[in-house]
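As provided, target24.tsv (TSV, C-alpha atoms) reads as follows.
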chain	number	residue	atom	x	y	z
A	1	MET	CA	-36.68	-19.16	-37.19
A	2	LYS	CA	-39.11	-16.68	-35.70
A	3	LYS	CA	-37.63	-13.48	-34.32
A	4	HIS	CA	-39.17	-13.76	-30.86
A	5	ASN	CA	-37.38	-17.02	-30.37
A	6	LEU	CA	-33.89	-15.85	-31.13
A	7	LYS	CA	-32.86	-14.85	-27.64
A	8	THR	CA	-34.00	-18.15	-26.24
A	9	ILE	CA	-32.44	-20.07	-29.09
A	10	ARG	CA	-29.17	-18.30	-28.46
A	11	GLU	CA	-29.38	-19.36	-24.86
A	12	LEU	CA	-30.27	-22.85	-25.96
A	13	CYS	CA	-27.20	-22.85	-28.15
A	14	ASN	CA	-24.99	-22.21	-25.15
A	15	TYR	CA	-25.96	-25.60	-23.84
A	16	LEU	CA	-25.26	-27.41	-27.02
A	17	GLY	CA	-21.63	-28.07	-26.23
A	18	GLU	CA	-22.70	-29.77	-23.01
A	19	ASP	CA	-24.32	-33.11	-22.53
A	20	LEU	CA	-27.45	-32.85	-24.60
A	21	ASP	CA	-29.54	-33.92	-21.63
A	22	HIS	CA	-28.00	-31.19	-19.50
A	23	PRO	CA	-30.64	-29.87	-17.08
A	24	MET	CA	-31.48	-26.50	-18.57
A	25	CYS	CA	-32.56	-23.39	-16.73
A	26	LYS	CA	-36.21	-23.37	-15.76
A	27	GLU	CA	-37.14	-20.55	-18.09
A	28	LEU	CA	-35.69	-22.33	-21.06
A	29	ALA	CA	-37.31	-25.63	-20.16
A	30	LYS	CA	-40.62	-23.81	-19.85
A	31	HIS	CA	-40.15	-22.18	-23.22
A	32	LEU	CA	-39.37	-25.52	-24.82
A	33	GLU	CA	-42.63	-26.92	-23.51
A	34	GLU	CA	-44.52	-24.17	-25.26
A	35	CYS	CA	-42.51	-23.83	-28.42
A	36	PRO	CA	-42.61	-26.67	-30.94
A	37	GLU	CA	-40.04	-24.92	-33.13
A	38	CYS	CA	-37.36	-24.84	-30.45
A	39	GLN	CA	-38.27	-28.35	-29.33
A	40	PHE	CA	-37.82	-29.55	-32.89
A	41	TYR	CA	-34.48	-27.79	-33.12
A	42	LEU	CA	-33.13	-29.43	-29.98
A	43	GLU	CA	-34.55	-32.81	-30.96
A	44	THR	CA	-32.95	-32.71	-34.40
A	45	ILE	CA	-29.56	-31.91	-32.87
A	46	LYS	CA	-29.87	-34.96	-30.63
A	47	MET	CA	-31.01	-36.96	-33.62
A	48	THR	CA	-27.98	-35.82	-35.61
A	49	VAL	CA	-25.61	-37.09	-32.94
A	50	HIS	CA	-27.44	-40.40	-32.71
A	51	LEU	CA	-27.52	-40.88	-36.47
A	52	PHE	CA	-23.80	-40.28	-36.73
A	53	ARG	CA	-23.17	-42.72	-33.92
A	54	ASP	CA	-25.47	-45.37	-35.40
A	55	SER	CA	-23.84	-45.04	-38.79
A	56	HIS	CA	-20.40	-45.67	-37.31
A	57	PRO	CA	-20.92	-48.75	-35.11
A	58	PRO	CA	-17.79	-50.34	-33.62
A	59	LYS	CA	-16.19	-53.03	-35.75
A	60	PRO	CA	-14.02	-55.90	-34.57
A	61	VAL	CA	-10.32	-55.82	-35.42
A	62	PRO	CA	-9.80	-58.08	-38.48
A	63	GLU	CA	-8.54	-61.43	-37.23
A	64	GLU	CA	-5.36	-61.46	-39.30
A	65	LEU	CA	-4.40	-58.02	-38.10
A	66	LYS	CA	-5.01	-58.91	-34.48
A	67	LYS	CA	-2.98	-62.10	-34.78
A	68	LYS	CA	-0.11	-60.23	-36.36
A	69	LEU	CA	-0.23	-57.53	-33.71
A	70	LEU	CA	-0.36	-59.92	-30.78
A	71	SER	CA	2.39	-62.14	-32.13
A	72	SER	CA	4.69	-59.16	-32.66
A	73	PHE	CA	4.64	-58.60	-28.90
A	74	ALA	CA	4.46	-62.22	-27.79
A	75	PRO	CA	7.17	-63.44	-25.41
A	76	LYS	CA	10.10	-64.96	-27.28
A	77	LYS	CA	10.52	-68.61	-26.46
B	78	MET	CA	-20.88	-43.13	-21.77
B	79	TYR	CA	-17.57	-44.85	-21.32
B	80	VAL	CA	-16.53	-44.01	-17.79
B	81	ILE	CA	-12.85	-44.13	-17.11
B	82	LYS	CA	-12.54	-45.80	-13.80
B	83	LYS	CA	-9.62	-47.03	-11.81
B	84	ASP	CA	-9.11	-50.48	-13.16
B	85	HIS	CA	-6.77	-52.43	-10.89
B	86	HIS	CA	-6.31	-55.21	-13.37
B	87	VAL	CA	-5.13	-52.74	-16.02
B	88	ASP	CA	-2.94	-50.95	-13.45
B	89	GLN	CA	-1.24	-54.21	-12.53
B	90	LEU	CA	-0.71	-55.10	-16.18
B	91	VAL	CA	0.87	-51.68	-16.76
B	92	VAL	CA	3.21	-52.11	-13.78
B	93	ARG	CA	4.27	-55.53	-15.07
B	94	ALA	CA	4.65	-54.30	-18.65
B	95	LYS	CA	6.84	-51.44	-17.45
B	96	LYS	CA	9.18	-54.03	-15.98
B	97	GLY	CA	9.39	-55.76	-19.33
B	98	ASP	CA	6.77	-58.48	-18.86
B	99	GLN	CA	5.80	-59.29	-22.46
B	100	ARG	CA	2.82	-61.39	-21.45
B	101	ALA	CA	1.32	-58.44	-19.55
B	102	PHE	CA	1.93	-56.16	-22.53
B	103	THR	CA	0.23	-58.59	-24.89
B	104	GLU	CA	-2.78	-58.64	-22.60
B	105	LEU	CA	-2.96	-54.83	-22.73
B	106	VAL	CA	-2.86	-55.01	-26.53
B	107	ASP	CA	-5.65	-57.57	-26.46
B	108	LEU	CA	-7.77	-55.45	-24.10
B	109	PHE	CA	-7.49	-52.16	-25.97
B	110	SER	CA	-6.90	-53.02	-29.62
B	111	GLU	CA	-10.56	-52.88	-30.63
B	112	ARG	CA	-11.08	-49.42	-29.19
B	113	ILE	CA	-7.93	-48.07	-30.82
B	114	TYR	CA	-8.80	-49.67	-34.17
B	115	ASN	CA	-12.25	-48.07	-34.09
B	116	LEU	CA	-10.86	-44.71	-33.08
B	117	GLY	CA	-8.65	-44.90	-36.19
B	118	LEU	CA	-11.62	-45.91	-38.32
B	119	ARG	CA	-13.75	-43.05	-37.04
B	120	ILE	CA	-11.10	-40.43	-37.58
B	121	LEU	CA	-9.75	-41.76	-40.89
B	122	LYS	CA	-12.69	-43.82	-42.23
B	123	ASN	CA	-10.45	-46.30	-43.92
B	124	SER	CA	-9.55	-49.77	-42.64
B	125	ASP	CA	-5.95	-49.73	-43.95
B	126	ASP	CA	-5.24	-46.46	-42.19
B	127	ALA	CA	-6.95	-47.70	-39.04
B	128	ALA	CA	-4.74	-50.81	-39.13
B	129	ASP	CA	-1.66	-48.58	-39.40
B	130	VAL	CA	-2.80	-46.44	-36.48
B	131	LEU	CA	-3.35	-49.57	-34.39
B	132	GLN	CA	0.11	-50.95	-35.11
B	133	GLU	CA	1.95	-47.64	-34.79
B	134	THR	CA	0.18	-46.88	-31.52
B	135	PHE	CA	1.11	-50.12	-29.79
B	136	LEU	CA	4.64	-49.99	-31.12
B	137	ALA	CA	5.02	-46.50	-29.64
B	138	VAL	CA	3.41	-47.62	-26.38
B	139	TYR	CA	5.81	-50.56	-26.24
B	140	GLU	CA	8.79	-48.29	-26.71
B	141	LYS	CA	7.60	-45.63	-24.27
B	142	ILE	CA	5.87	-47.58	-21.55
B	143	ASP	CA	8.83	-47.38	-19.20
B	144	THR	CA	8.47	-43.58	-19.28
B	145	PHE	CA	4.72	-43.67	-18.52
B	146	ASP	CA	4.58	-42.26	-14.98
B	147	GLY	CA	1.42	-44.00	-13.85
B	148	ARG	CA	-0.02	-40.81	-12.35
B	149	SER	CA	-2.13	-40.17	-15.44
B	150	ASN	CA	-4.61	-42.72	-16.65
B	151	PHE	CA	-3.24	-45.38	-18.99
B	152	PHE	CA	-6.34	-45.18	-21.19
B	153	THR	CA	-5.97	-41.40	-21.62
B	154	TRP	CA	-2.28	-41.78	-22.42
B	155	LEU	CA	-2.97	-44.52	-24.96
B	156	TYR	CA	-5.78	-42.53	-26.58
B	157	ARG	CA	-3.60	-39.46	-26.84
B	158	ILE	CA	-0.90	-41.41	-28.68
B	159	ALA	CA	-3.44	-43.01	-31.03
B	160	THR	CA	-5.28	-39.73	-31.71
B	161	ASN	CA	-1.99	-38.04	-32.57
B	162	PHE	CA	-1.06	-40.79	-35.02
B	163	ALA	CA	-4.49	-40.61	-36.65
B	164	LEU	CA	-4.37	-36.83	-36.94
B	165	MET	CA	-0.87	-36.95	-38.42
B	166	LYS	CA	-2.19	-39.27	-41.11
B	167	LEU	CA	-5.21	-37.07	-41.67
B	168	ARG	CA	-2.94	-34.10	-42.37
B	169	LYS	CA	-1.35	-35.96	-45.26
B	170	ASP	CA	-4.69	-36.06	-47.09
B	171	LYS	CA	-5.43	-32.96	-49.05
B	172	ARG	CA	-8.86	-31.94	-47.88
B	173	THR	CA	-10.85	-28.76	-48.21
B	174	VAL	CA	-11.88	-27.85	-44.74
B	175	TYR	CA	-13.61	-24.93	-43.11
B	176	THR	CA	-11.48	-22.59	-41.06
B	177	ASP	CA	-12.04	-21.87	-37.39
B	178	ASN	CA	-13.51	-18.54	-38.48
B	179	ASP	CA	-16.01	-20.16	-40.86
B	180	MET	CA	-17.15	-22.40	-38.05
B	181	GLU	CA	-17.63	-19.48	-35.71
B	182	GLU	CA	-19.41	-17.26	-38.20
B	183	GLN	CA	-21.63	-19.84	-39.79
B	184	PHE	CA	-22.45	-22.17	-36.98
B	185	ASP	CA	-22.78	-19.83	-34.05
B	186	ASN	CA	-25.61	-18.17	-35.88
B	187	PRO	CA	-29.08	-19.47	-35.09
B	188	GLU	CA	-30.71	-17.22	-37.68
B	189	LYS	CA	-29.57	-19.51	-40.42
B	190	VAL	CA	-30.98	-22.80	-39.19
B	191	GLN	CA	-33.08	-24.86	-41.55
B	192	LEU	CA	-36.35	-26.06	-40.13
B	193	HIS	CA	-38.35	-28.55	-42.07
B	194	GLU	CA	-40.08	-31.66	-41.04
B	195	TRP	CA	-37.91	-34.67	-40.43
B	196	GLN	CA	-40.29	-36.62	-38.31
B	197	ASP	CA	-42.05	-38.21	-41.25
B	198	LEU	CA	-38.87	-39.58	-42.78
B	199	PRO	CA	-38.05	-43.21	-41.98
B	200	LEU	CA	-34.78	-42.44	-40.21
B	201	LYS	CA	-34.04	-46.03	-39.31
B	202	ASP	CA	-34.20	-47.10	-42.96
B	203	MET	CA	-31.98	-44.27	-43.99
B	204	LEU	CA	-28.76	-45.71	-42.62
B	205	ASN	CA	-27.84	-46.82	-46.11
B	206	ASN	CA	-24.67	-46.25	-48.08
B	207	GLU	CA	-25.68	-43.02	-49.70
B	208	PHE	CA	-26.60	-41.57	-46.35
B	209	ARG	CA	-23.35	-42.72	-44.77
B	210	LYS	CA	-21.36	-41.21	-47.60
B	211	ARG	CA	-23.13	-37.95	-47.07
B	212	LEU	CA	-22.33	-38.00	-43.36
B	213	ASP	CA	-18.69	-38.84	-44.03
B	214	THR	CA	-18.35	-36.02	-46.54
B	215	ALA	CA	-19.79	-33.65	-43.95
B	216	ILE	CA	-17.29	-34.80	-41.31
B	217	ASP	CA	-14.50	-34.45	-43.86
B	218	ARG	CA	-15.02	-30.73	-44.10
B	219	LEU	CA	-14.63	-30.22	-40.38
B	220	PRO	CA	-11.35	-28.66	-39.28
B	221	GLU	CA	-9.16	-31.13	-37.41
B	222	ILE	CA	-9.85	-29.94	-33.90
B	223	TYR	CA	-13.64	-30.06	-34.46
B	224	ARG	CA	-13.42	-33.47	-35.99
B	225	SER	CA	-11.39	-34.90	-33.13
B	226	VAL	CA	-13.66	-33.33	-30.52
B	227	PHE	CA	-16.75	-34.71	-32.24
B	228	VAL	CA	-15.26	-38.19	-32.68
B	229	LEU	CA	-14.02	-38.46	-29.10
B	230	ARG	CA	-17.02	-36.90	-27.43
B	231	ASP	CA	-19.96	-38.01	-29.57
B	232	LEU	CA	-18.81	-41.16	-31.33
B	233	GLU	CA	-16.42	-42.58	-28.76
B	234	ASP	CA	-18.64	-41.29	-25.96
B	235	LEU	CA	-15.83	-39.94	-23.81
B	236	SER	CA	-16.55	-37.21	-21.25
B	237	ILE	CA	-15.74	-33.55	-21.83
B	238	LYS	CA	-12.97	-33.87	-19.25
B	239	GLU	CA	-11.35	-36.90	-20.89
B	240	THR	CA	-11.62	-35.31	-24.34
B	241	SER	CA	-9.88	-32.20	-23.04
B	242	LYS	CA	-7.08	-34.27	-21.51
B	243	ILE	CA	-6.54	-36.36	-24.63
B	244	LEU	CA	-6.46	-33.36	-26.97
B	245	ASN	CA	-4.64	-31.18	-24.49
B	246	ILE	CA	-7.14	-28.31	-24.78
B	247	THR	CA	-9.33	-26.70	-22.10
B	248	GLU	CA	-12.79	-28.02	-21.29
B	249	SER	CA	-14.42	-24.79	-22.49
B	250	ASN	CA	-12.55	-25.19	-25.73
B	251	VAL	CA	-13.99	-28.71	-26.07
B	252	LYS	CA	-17.51	-27.39	-25.43
B	253	ILE	CA	-17.43	-24.54	-27.92
B	254	ARG	CA	-15.99	-26.72	-30.67
B	255	LEU	CA	-18.38	-29.53	-29.92
B	256	LYS	CA	-21.29	-27.14	-30.11
B	257	ARG	CA	-20.23	-25.76	-33.49
B	258	ALA	CA	-19.48	-29.20	-34.88
B	259	ARG	CA	-22.91	-30.45	-33.80
B	260	LEU	CA	-24.69	-27.43	-35.26
B	261	TYR	CA	-22.79	-27.71	-38.51
B	262	LEU	CA	-23.54	-31.43	-38.87
B	263	ARG	CA	-27.15	-30.79	-37.99
B	264	GLU	CA	-27.43	-28.24	-40.81
B	265	GLU	CA	-25.79	-30.64	-43.26
B	266	LEU	CA	-28.25	-33.30	-42.26
B	267	ALA	CA	-31.15	-30.83	-42.47
B	268	ALA	CA	-30.17	-30.02	-46.06
B	269	TYR	CA	-30.19	-33.72	-46.90
B	270	MET	CA	-33.54	-34.24	-45.19
B	271	GLY	CA	-34.92	-31.32	-47.16
B	272	GLU	CA	-33.87	-32.94	-50.44
B	273	LEU	CA	-35.38	-36.26	-49.40
B	274	ALA	CA	-38.66	-34.65	-48.39
B	275	LYS	CA	-38.87	-32.88	-51.76
B	276	GLU	CA	-38.20	-36.12	-53.62
B	277	ARG	CA	-40.98	-37.80	-51.70
B	278	GLU	CA	-43.42	-35.03	-52.48
B	279	SER	CA	-42.72	-35.08	-56.19
B	280	SER	CA	-42.87	-38.86	-56.53

Give the structure from this file in C-alpha cells form.
Amino acid sequence: MKKHNLKTIRELCNYLGEDLDHPMCKELAKHLEECPECQFYLETIKMTVHLFRDSHPPKPVPEELKKKLLSSFAPKK
Amino acid sequence: MYVIKKDHHVDQLVVRAKKGDQRAFTELVDLFSERIYNLGLRILKNSDDAADVLQETFLAVYEKIDTFDGRSNFFTWLYRIATNFALMKLRKDKRTVYTDNDMEEQFDNPEKVQLHEWQDLPLKDMLNNEFRKRLDTAIDRLPEIYRSVFVLRDLEDLSIKETSKILNITESNVKIRLKRARLYLREELAAYMGELAKERESS
C-alpha cells in the first residue's frame, strides 16, 4: 500500500469494527472517492464478510432431531 | 440484521413456561431451535456437535427457566447459554490458534495488506467445497473470542450491543475484535485470490 495512504487507511481501519456502511467522516469519504486503492480495500473487506455469510447459509434442523427434541419436552398424557 | 424486538407472544410463552406449562415450552423450542442449531453449526462446523448444542441448550433452559428473571431478553439469555455450550465443546478440540497478541500485531497493521485484483474472479462460482474448506480453516485459527464475535456479528447478523451482552464483553471490545477478525479473514481470502489469479494466468 502506498505510503501517502497509510494515515487515511489507519483511520479507515478504525471504522472496520463498526457496521461496514457506517457513515464515515467527510474527509475519509472524499479520499475514498479519489483513491481506487483504498476503495478496493474497503470493498474487499465487505466482500469477505459477504462471502463468509453466503458460504454458511442457514440450514433446517434435521427432522429426526427436531422430532426427538420436541417430544422430549411434550406434555405427558 | 436481526433486530431483537419486544415480542409479546414470546414473552407470554416464557411466562407460561416459567409456571411449568409444557406446551408453551415446546412452542419456544419450536420457535428457536433452527437459530440455535445454526449457531452451533457456525461455531463448530459439524452437524453432530450442533445437534448436541441444540439439545444441551434446551435442556439447560428447561431446568433454569424458573430462574430467568424476565428483565433481560429471552433471546439474549438463550443465545448466551447456547454460545457457552458451543465454546465449551470447541475447547475440547485441539486447535492451533493465534494468540490475542498475534491478532493485534498482524492484523492492526495496514502496511501488510495484500492488494491484487479480485474483481475479475467469478466470486459467485467460487462458493465450492474447496473454497468453503479454505474459509473454515481460516476461521479455525481464530482465537475463541474473535471467532464468537465474528459468528455472532457477521454470520448471525446480531448488533454490536447484542453481541456484547451475549459474550459479556464491552461494546468496544466487540468492535476491536471484530475489526481484527475481519482484517485477518480478508488477508486469508486475498492470499487465496492471489493463488487463483496466478493459476488463471498460467493456464

Legend entry - Ref. answer, residues at most 12 Å from (-1.5, -60.5, -31.5) with all atoms listed in the file, as an MDAnalysis selection string: (chainID A and resid 61:75) or (chainID B and resid 99:100 102:111 131:132 135)

Legend entry - Counting all atoms listed in the file, the option among B:Leu262, B:Val226, B:Val92, B:Ala137 closest to chain A: B:Leu262

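Going from atom CA of Asp84 of chain B to atom CA of Arg148 of chain B covers 13.3 Å.
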
Inset, instruction - Would you give me, as a ChimeraX atom specification, the residues of chain B that come within 7 Å of chain A, using all atoms listed in the file? - result: /B:99-100,103,106,111,114-115,132,187-188,204,209,231-232,252-253,255-256,259,263

Save the residues we just selected, C-alpha atoms, as a compact mmCIF listing (two decimals), in the coordinates of the input?
# COMPACT_ATOMS: atom_id res chain seq x y z
CA GLN B 99 5.80 -59.29 -22.46
CA ARG B 100 2.82 -61.39 -21.45
CA THR B 103 0.23 -58.59 -24.89
CA VAL B 106 -2.86 -55.01 -26.53
CA GLU B 111 -10.56 -52.88 -30.63
CA TYR B 114 -8.80 -49.67 -34.17
CA ASN B 115 -12.25 -48.07 -34.09
CA GLN B 132 0.11 -50.95 -35.11
CA PRO B 187 -29.08 -19.47 -35.09
CA GLU B 188 -30.71 -17.22 -37.68
CA LEU B 204 -28.76 -45.71 -42.62
CA ARG B 209 -23.35 -42.72 -44.77
CA ASP B 231 -19.96 -38.01 -29.57
CA LEU B 232 -18.81 -41.16 -31.33
CA LYS B 252 -17.51 -27.39 -25.43
CA ILE B 253 -17.43 -24.54 -27.92
CA LEU B 255 -18.38 -29.53 -29.92
CA LYS B 256 -21.29 -27.14 -30.11
CA ARG B 259 -22.91 -30.45 -33.80
CA ARG B 263 -27.15 -30.79 -37.99

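Separating atom CA of Asn161 of chain B from atom CA of Asp143 of chain B is a distance of 19.6 Å.
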
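The spacing separating atom CA of Val87 of chain B from atom CA of Lys141 of chain B amounts to 16.8 Å.
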
Legend entry - Residue nearest Ile158 of chain B among B:Asp217, B:Glu207, B:Asp170, B:Glu133 (counting only C-alpha atoms): B:Glu133

Coordinates of box centre and edge lengths for segment 218-234 of chain B, 3 Å on every side, axis-aligned, as lines of an AutoDock Vina configuration file:
center_x = -14.6
center_y = -35.6
center_z = -35.0
size_x = 16.8
size_y = 19.9
size_z = 24.1
